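Colleague: One file is attached below, run05.cif, containing mmCIF, C-alpha atoms.
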```cif
data_run
#
loop_
_atom_site.label_atom_id
_atom_site.label_comp_id
_atom_site.auth_asym_id
_atom_site.auth_seq_id
_atom_site.Cartn_x
_atom_site.Cartn_y
_atom_site.Cartn_z
CA MET K 188 0.00 0.00 0.00
CA SER K 189 1.39 3.35 -0.96
CA THR K 190 1.90 5.77 1.90
CA SER K 191 1.09 8.65 -0.43
CA ASN K 192 -2.43 7.39 -0.93
CA SER K 193 -4.82 9.75 0.84
CA ALA K 194 -6.95 6.78 1.92
CA SER K 195 -4.07 5.71 4.19
CA MET K 196 -3.93 9.05 5.99
CA LEU K 197 -4.62 9.01 9.68
CA ARG K 198 -7.52 11.00 11.07
CA VAL K 199 -6.80 12.46 14.48
CA MET K 200 -8.75 14.76 16.72
CA PRO K 201 -7.74 18.45 16.63
CA GLN K 202 -7.71 18.40 20.43
CA SER K 203 -4.93 15.80 20.50
CA ILE K 204 -2.86 17.73 17.94
CA GLU K 205 -3.04 20.89 20.02
CA VAL K 206 -2.02 19.13 23.24
CA ILE K 207 0.79 17.09 21.64
CA ASN K 208 2.21 20.20 19.94
CA GLY K 209 2.47 21.80 23.37
CA ILE K 210 4.29 18.94 25.10
CA ASN K 211 7.89 19.52 26.12
CA SER K 212 10.22 17.78 23.65
CA ALA K 213 11.96 15.73 26.36
CA PHE K 214 8.64 14.50 27.79
CA LEU K 215 7.29 13.68 24.35
CA SER K 216 10.44 11.78 23.43
CA ASN K 217 10.18 9.67 26.61
CA ILE K 218 6.50 8.92 25.99
CA LEU K 219 7.18 7.86 22.41
CA LEU K 220 10.16 5.74 23.49
CA LEU K 221 8.01 3.86 25.99
CA ILE K 222 5.33 3.29 23.35
CA VAL K 223 7.72 1.79 20.78
CA LYS K 224 9.49 -0.33 23.39
CA ARG K 225 6.24 -1.84 24.65
CA LEU K 226 4.92 -2.39 21.14
CA SER K 227 8.15 -4.31 20.52
CA GLU K 228 7.68 -6.61 23.50
CA GLU K 229 6.61 -10.18 22.85
CA GLN K 230 4.55 -10.26 26.02
CA LYS K 231 1.52 -8.10 25.26
CA VAL K 232 -0.12 -5.94 27.89
CA PRO K 233 -3.75 -4.72 27.79
CA GLN K 234 -2.62 -1.09 27.71
CA ILE K 235 0.64 0.65 26.90
CA PHE K 236 0.47 2.70 30.09
CA ASN K 237 -0.79 1.47 33.45
CA GLN K 238 -2.89 3.61 35.78
CA ASP K 239 0.04 4.81 37.90
CA GLU K 240 1.92 5.92 34.80
CA LYS K 241 -1.16 7.72 33.51
CA LEU K 242 -1.54 9.61 36.78
CA LYS K 243 2.10 10.74 36.60
CA LEU K 244 1.74 11.75 32.95
CA LYS K 245 -1.44 13.67 33.71
CA GLU K 246 0.43 15.70 36.31
CA LEU K 247 3.59 16.19 34.21
CA LEU K 248 1.64 17.27 31.15
CA SER K 249 -0.78 19.44 33.17
CA VAL K 250 -3.72 17.64 31.58
CA HIS K 251 -6.89 18.11 33.61
CA GLU K 252 -9.20 15.55 32.00
CA ASP K 253 -8.60 11.78 31.90
CA SER K 254 -10.29 11.65 28.49
CA THR K 255 -7.82 14.21 27.09
CA LEU K 256 -4.85 12.15 28.26
CA GLU K 257 -6.38 9.01 26.75
CA ILE K 258 -6.83 10.78 23.41
CA VAL K 259 -3.21 11.99 23.42
CA LEU K 260 -1.73 8.58 24.30
CA SER K 261 -3.95 6.68 21.87
CA THR K 262 -3.08 9.17 19.09
CA LEU K 263 0.67 8.68 19.58
CA GLU K 264 0.28 4.90 19.72
CA HIS K 265 -1.91 4.91 16.62
CA ILE K 266 0.66 6.93 14.67
CA ILE K 267 3.33 4.32 15.45
CA ARG K 268 0.99 1.43 14.60
CA HIS K 269 0.01 3.19 11.37
CA ALA K 270 3.67 3.59 10.43
CA ALA K 271 4.27 -0.10 11.13
CA PHE K 272 1.25 -1.25 9.15
CA HIS K 273 2.36 0.73 6.07
CA VAL K 274 6.10 0.07 6.70
CA MET K 275 6.74 3.80 6.33
CA ARG K 276 10.16 5.33 5.85
CA PRO K 277 11.14 7.89 8.52
CA SER K 278 11.11 10.74 5.99
CA ASN K 279 7.61 9.79 4.81
CA LEU K 280 6.42 9.50 8.39
CA SER K 281 7.74 12.97 9.23
CA LYS K 282 5.93 14.44 6.22
CA HIS K 283 2.79 12.47 7.05
CA VAL K 284 2.73 13.76 10.65
CA SER K 285 3.27 17.36 9.50
CA GLU K 286 0.36 17.07 7.06
CA LEU K 287 -1.86 16.12 9.99
CA GLY K 288 -1.13 19.48 11.63
CA PHE K 289 1.65 18.59 14.06
CA HIS K 290 4.60 20.92 14.49
CA GLU K 291 7.76 20.13 12.54
CA GLN K 292 9.58 19.36 15.79
CA VAL K 293 7.00 16.71 16.68
CA GLY K 294 7.37 15.12 13.25
CA SER K 295 11.15 15.07 13.64
CA LEU K 296 10.96 13.40 17.06
CA ILE K 297 8.62 10.71 15.81
CA SER K 298 10.58 10.01 12.62
CA GLU K 299 13.93 9.87 14.44
CA LEU K 300 12.55 7.40 16.95
CA TRP K 301 10.93 5.41 14.16
CA ALA K 302 14.24 5.17 12.29
CA VAL K 303 15.77 3.39 15.29
CA HIS K 304 12.88 1.16 16.39
CA ALA K 305 10.90 0.49 13.20
CA LYS K 306 12.25 -3.02 12.59
CA SER K 307 11.60 -4.26 16.14
CA VAL K 308 8.05 -2.85 16.18
CA ILE K 309 7.19 -4.28 12.76
CA ASP K 310 8.72 -7.69 13.53
CA THR K 311 6.68 -7.95 16.72
CA LEU K 312 3.36 -6.67 15.38
CA LYS K 313 3.40 -8.89 12.30
CA LYS K 314 3.55 -11.97 14.54
CA GLU K 315 0.02 -11.31 15.68
CA THR K 316 -1.90 -14.20 14.17
CA CYS K 317 -5.34 -12.66 13.90
CA SER K 318 -6.02 -9.23 12.49
CA HIS K 319 -9.00 -7.18 11.40
CA MET K 320 -11.34 -9.19 13.60
CA LYS K 321 -14.93 -8.00 13.40
CA VAL K 322 -17.72 -8.42 15.89
CA GLU K 323 -20.52 -10.37 14.20
CA HIS K 324 -22.79 -10.70 17.18
CA ILE K 325 -22.87 -9.79 20.88
CA GLU K 326 -24.61 -11.82 23.57
CA SER K 327 -24.78 -11.40 27.31
CA SER K 328 -25.65 -13.50 30.33
CA ILE K 329 -25.66 -13.29 34.11
CA HIS K 330 -24.22 -15.84 36.48
CA TYR K 331 -23.32 -15.98 40.16
CA SER K 332 -19.98 -16.60 41.81
CA LEU K 333 -19.43 -17.57 45.45
CA SER K 334 -17.37 -15.06 47.37
CA SER K 335 -16.14 -15.21 50.97
CA HIS K 336 -17.59 -12.46 53.10
CA LYS K 337 -17.25 -12.12 56.89
CA GLY K 338 -16.66 -15.81 57.42
CA GLY K 339 -19.46 -16.90 55.14
CA HIS K 340 -20.14 -17.16 51.43
CA VAL K 341 -22.32 -14.89 49.37
CA GLU K 342 -23.41 -15.09 45.76
CA VAL K 343 -22.00 -12.23 43.70
CA PRO K 344 -23.79 -11.50 40.39
CA LEU K 345 -21.45 -11.25 37.42
CA ALA K 346 -22.17 -10.22 33.85
CA LEU K 347 -20.74 -12.17 30.91
CA VAL K 348 -20.48 -10.41 27.56
CA HIS K 349 -19.77 -12.68 24.59
CA PHE K 350 -18.31 -11.20 21.39
CA ASN K 351 -18.63 -13.53 18.41
CA LEU K 352 -15.67 -12.60 16.20
CA ASN K 353 -14.96 -13.32 12.57
CA GLY K 354 -13.07 -11.96 9.60
CA GLY K 355 -9.45 -12.21 10.76
CA THR K 356 -6.82 -14.04 8.81
CA ILE K 357 -3.73 -15.97 9.82
CA THR K 358 -0.77 -14.58 7.99
CA ASN K 359 2.97 -14.11 8.22
CA LYS K 360 3.07 -11.57 5.39
CA THR K 361 4.67 -8.22 5.96
CA MET K 362 2.15 -5.60 6.92
CA ASP K 363 2.45 -3.48 3.80
CA ARG K 364 1.12 -6.35 1.66
CA PRO K 365 -2.45 -7.63 1.34
CA HIS K 366 -3.34 -10.26 3.92
CA SER K 367 -3.36 -13.85 2.75
CA VAL K 368 -6.56 -15.84 2.38
CA ASN K 369 -5.60 -18.53 4.85
CA ASP K 370 -8.04 -19.95 7.35
CA SER K 371 -10.22 -17.33 8.95
CA CYS K 372 -9.99 -16.81 12.69
CA LYS K 373 -13.37 -17.49 14.21
CA THR K 374 -13.73 -17.31 17.93
CA THR K 375 -15.85 -16.08 20.80
CA LEU K 376 -14.33 -13.66 23.27
CA SER K 377 -16.08 -13.75 26.65
CA LEU K 378 -15.52 -11.00 29.19
CA GLU K 379 -16.64 -11.19 32.81
CA PHE K 380 -17.58 -8.04 34.74
CA ASN K 381 -18.75 -7.24 38.22
CA ARG K 382 -20.99 -4.21 38.71
CA GLU K 383 -18.14 -1.70 39.08
CA GLU K 384 -16.18 -3.10 36.14
CA LEU K 385 -19.25 -3.09 33.91
CA THR K 386 -19.93 0.55 34.80
CA GLU K 387 -16.32 1.46 33.94
CA PHE K 388 -16.56 -0.47 30.65
CA TYR K 389 -19.78 1.34 29.75
CA GLN K 390 -18.18 4.73 30.48
CA MET K 391 -15.22 3.81 28.26
CA LEU K 392 -17.61 2.95 25.41
CA GLU K 393 -19.36 6.28 25.91
CA THR K 394 -16.00 8.06 25.62
CA ILE K 395 -15.15 6.16 22.43
CA GLN K 396 -18.55 7.02 20.99
CA SER K 397 -18.06 10.71 21.72
CA HIS K 398 -14.65 10.61 20.00
CA LEU K 399 -16.19 8.98 16.92
CA ASP K 400 -18.97 11.56 16.87
CA GLU K 401 -16.39 14.38 16.86
CA LEU K 402 -14.65 12.83 13.84
CA LEU K 403 -17.82 12.50 11.79
#
```
What would the structure in this file look like if it were written as structure tokens?

Modeller:
Amino acid sequence: MSTSNSASMLRVMPQSIEVINGINSAFLSNILLLIVKRLSEEQKVPQIFNQDEKLKLKELLSVHEDSTLEIVLSTLEHIIRHAAFHVMRPSNLSKHVSELGFHEQVGSLISELWAVHAKSVIDTLKKETCSHMKVEHIESSIHYSLSSHKGGHVEVPLALVHFNLNGGTITNKTMDRPHSVNDSCKTTLSLEFNREELTEFYQMLETIQSHLDELL
């Protein structure tokens, strides 16, 4: 896929561009370095940054809203993943980032870091066996789990959300080439939530929906 194709251009929120352009170069470099290092790790983690790290970043960057910090971090991660998917050259990545509205200094930082870590990020990400998974159907159920409480046992209601997934392919091709038509990955992902976790998950979905609405 050609990186000059406009269809491959990232779409980022103006809010994230403004905040990232204002980040101190040293801080931004450290954030980007942590992103590429963790994307290069074989052992995947649910999120690039844990909660303690996010709290420190929120203070260092003087960001007042959790949602703003999430947008900034996800934007930077997405830029790196986008570069890996299209196997972009550092010079093309710098130009690409500038065209999105980022300052030239930001583009230089990202491209310089990409020049050093591109191979390790690409080699790790292309080992992921299933990609482009789509949710075909969602089901839910409630069950009870026994929990110890003050010497006794109580039944705690738990929600199970089942995501029926389809559409992924198993491939070892490099990421700038079309995926192969090997066996499709079909699976069901089941997530268990207690009341507090389900509320947090719902709020996260609401945040994602608001971000999508702003892009439309």

Colleague: Could you write out as a count of residues only the residues that the PyMOL selection byres ((chain K and resi 305-310) around 9) matches in the shown file?

Modeller: 26

Colleague: Nearest residue to Glu299 of chain K out of K:Ile222, K:Leu280, K:Ser212, K:Leu287, using only C-alpha atoms?

Modeller: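 Smallest distance to Glu299 of chain K is found for K:Leu280.
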
Colleague: Could you please determine the separation between atom CA of Ile207 of chain K and atom CA of Gln390 of chain K in Å, to one decimal place?

Modeller: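 Between atom CA of Ile207 of chain K and atom CA of Gln390 of chain K the gap works out to 24.3 Å.
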
Colleague: Please indicate the distance in Å from atom CA of Glu257 of chain K to atom CA of Lys241 of chain K, rounded to one decimal place.

Modeller: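 So the two atoms, atom CA of Glu257 of chain K and atom CA of Lys241 of chain K, lie 8.6 Å apart.
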
Colleague: At a cut-off of 9 Å, using all atoms listed in the file, what residues contact His349 of chain K? Leave out same-chain residues fewer than 2 positions from it and give the result as an MDAnalysis selection string.

Modeller: chainID K and resid 324:328 347 351 375:379
